[in-house]
Each structure stands twice: as C-alpha cells, then as structure tokens.
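Right, one structure below, let's go through it.
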Amino acid sequence: MSYALAGERVFQNFWGISSEDFYPQFACWRARGFPLEESGKECVNR
C-alpha cells in the first residue's frame, strides 16, 4: 500500500469522512465562523 493511500485511510478512520469531503466542509464552517450550535451537522452555505 502506498503512503498516500495509508494516510487517506488513517484520515478516514479518524474523521469519519474522506479528505476530499472534509476540506470543503472545513472551508464552509470556517467561512461561517464555526457556529458551535451547529457542530456535528453538515455545513451548507446559505
């Protein structure tokens, strides 16, 4: 297994989603100021 695939597997095990899905979600939460009342929910730009 390549290091990149192993790293992605560890990432998915830790965060529960792929890095490809994580970064857009993180950018969305960052743009919205990390609202704590919505933690654990999928971020949707409004």
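Numbering starts fresh at 1 for the residues of each chain in the structure tokens, the chains themselves are lettered A, B, ... in the order given, and ligands are numbered from 1 as they appear.
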* For region 19-34 of chain A, list every protein, DNA or RNA residue within 10 Å, evaluated using only C-alpha atoms, and leave out those in the same chain fewer than 2 positions away; present the list as an MDAnalysis selection string. => chainID A and resid 7:9 11:12 15:17 36:39 42:46
Mind listing the alpha helix (DSSP H) residues of chain A, per DSSP on the backbone, as an mmCIF file with C-alpha atoms, in the first residue's frame?
data_model
loop_
_atom_site.group_PDB
_atom_site.id
_atom_site.type_symbol
_atom_site.label_atom_id
_atom_site.label_comp_id
_atom_site.auth_asym_id
_atom_site.auth_seq_id
_atom_site.Cartn_x
_atom_site.Cartn_y
_atom_site.Cartn_z
ATOM 1 C CA TYR A 3 1.926 6.053 1.819
ATOM 2 C CA ALA A 4 -0.741 8.287 0.270
ATOM 3 C CA LEU A 5 -3.374 5.548 0.470
ATOM 4 C CA ALA A 6 -2.349 4.648 4.006
ATOM 5 C CA GLY A 7 -2.567 8.318 5.022
ATOM 6 C CA GLU A 8 -6.032 8.635 3.499
ATOM 7 C CA ARG A 9 -7.150 5.517 5.339
ATOM 8 C CA VAL A 10 -5.945 6.911 8.660
ATOM 9 C CA PHE A 11 -7.655 10.233 7.877
ATOM 10 C CA GLN A 12 -10.953 8.478 7.150
ATOM 11 C CA ASN A 13 -10.700 6.377 10.303
ATOM 12 C CA PHE A 14 -10.078 9.476 12.423
ATOM 13 C CA TRP A 15 -12.541 11.954 10.879
ATOM 14 C CA SER A 19 -10.123 14.210 2.960
ATOM 15 C CA GLU A 20 -11.848 15.059 -0.324
ATOM 16 C CA ASP A 21 -15.121 15.559 1.600
ATOM 17 C CA PHE A 22 -13.508 17.085 4.687
ATOM 18 C CA TYR A 23 -11.813 20.128 3.183
ATOM 19 C CA PRO A 24 -14.914 21.648 1.524
ATOM 20 C CA GLN A 25 -16.804 21.127 4.792
ATOM 21 C CA PHE A 26 -13.997 22.762 6.781
ATOM 22 C CA ALA A 27 -13.922 25.731 4.390
ATOM 23 C CA CYS A 28 -17.689 26.117 4.777
ATOM 24 C CA TRP A 29 -17.507 26.055 8.593
ATOM 25 C CA ARG A 30 -14.580 28.468 8.561
ATOM 26 C CA ALA A 31 -16.481 30.921 6.354
#
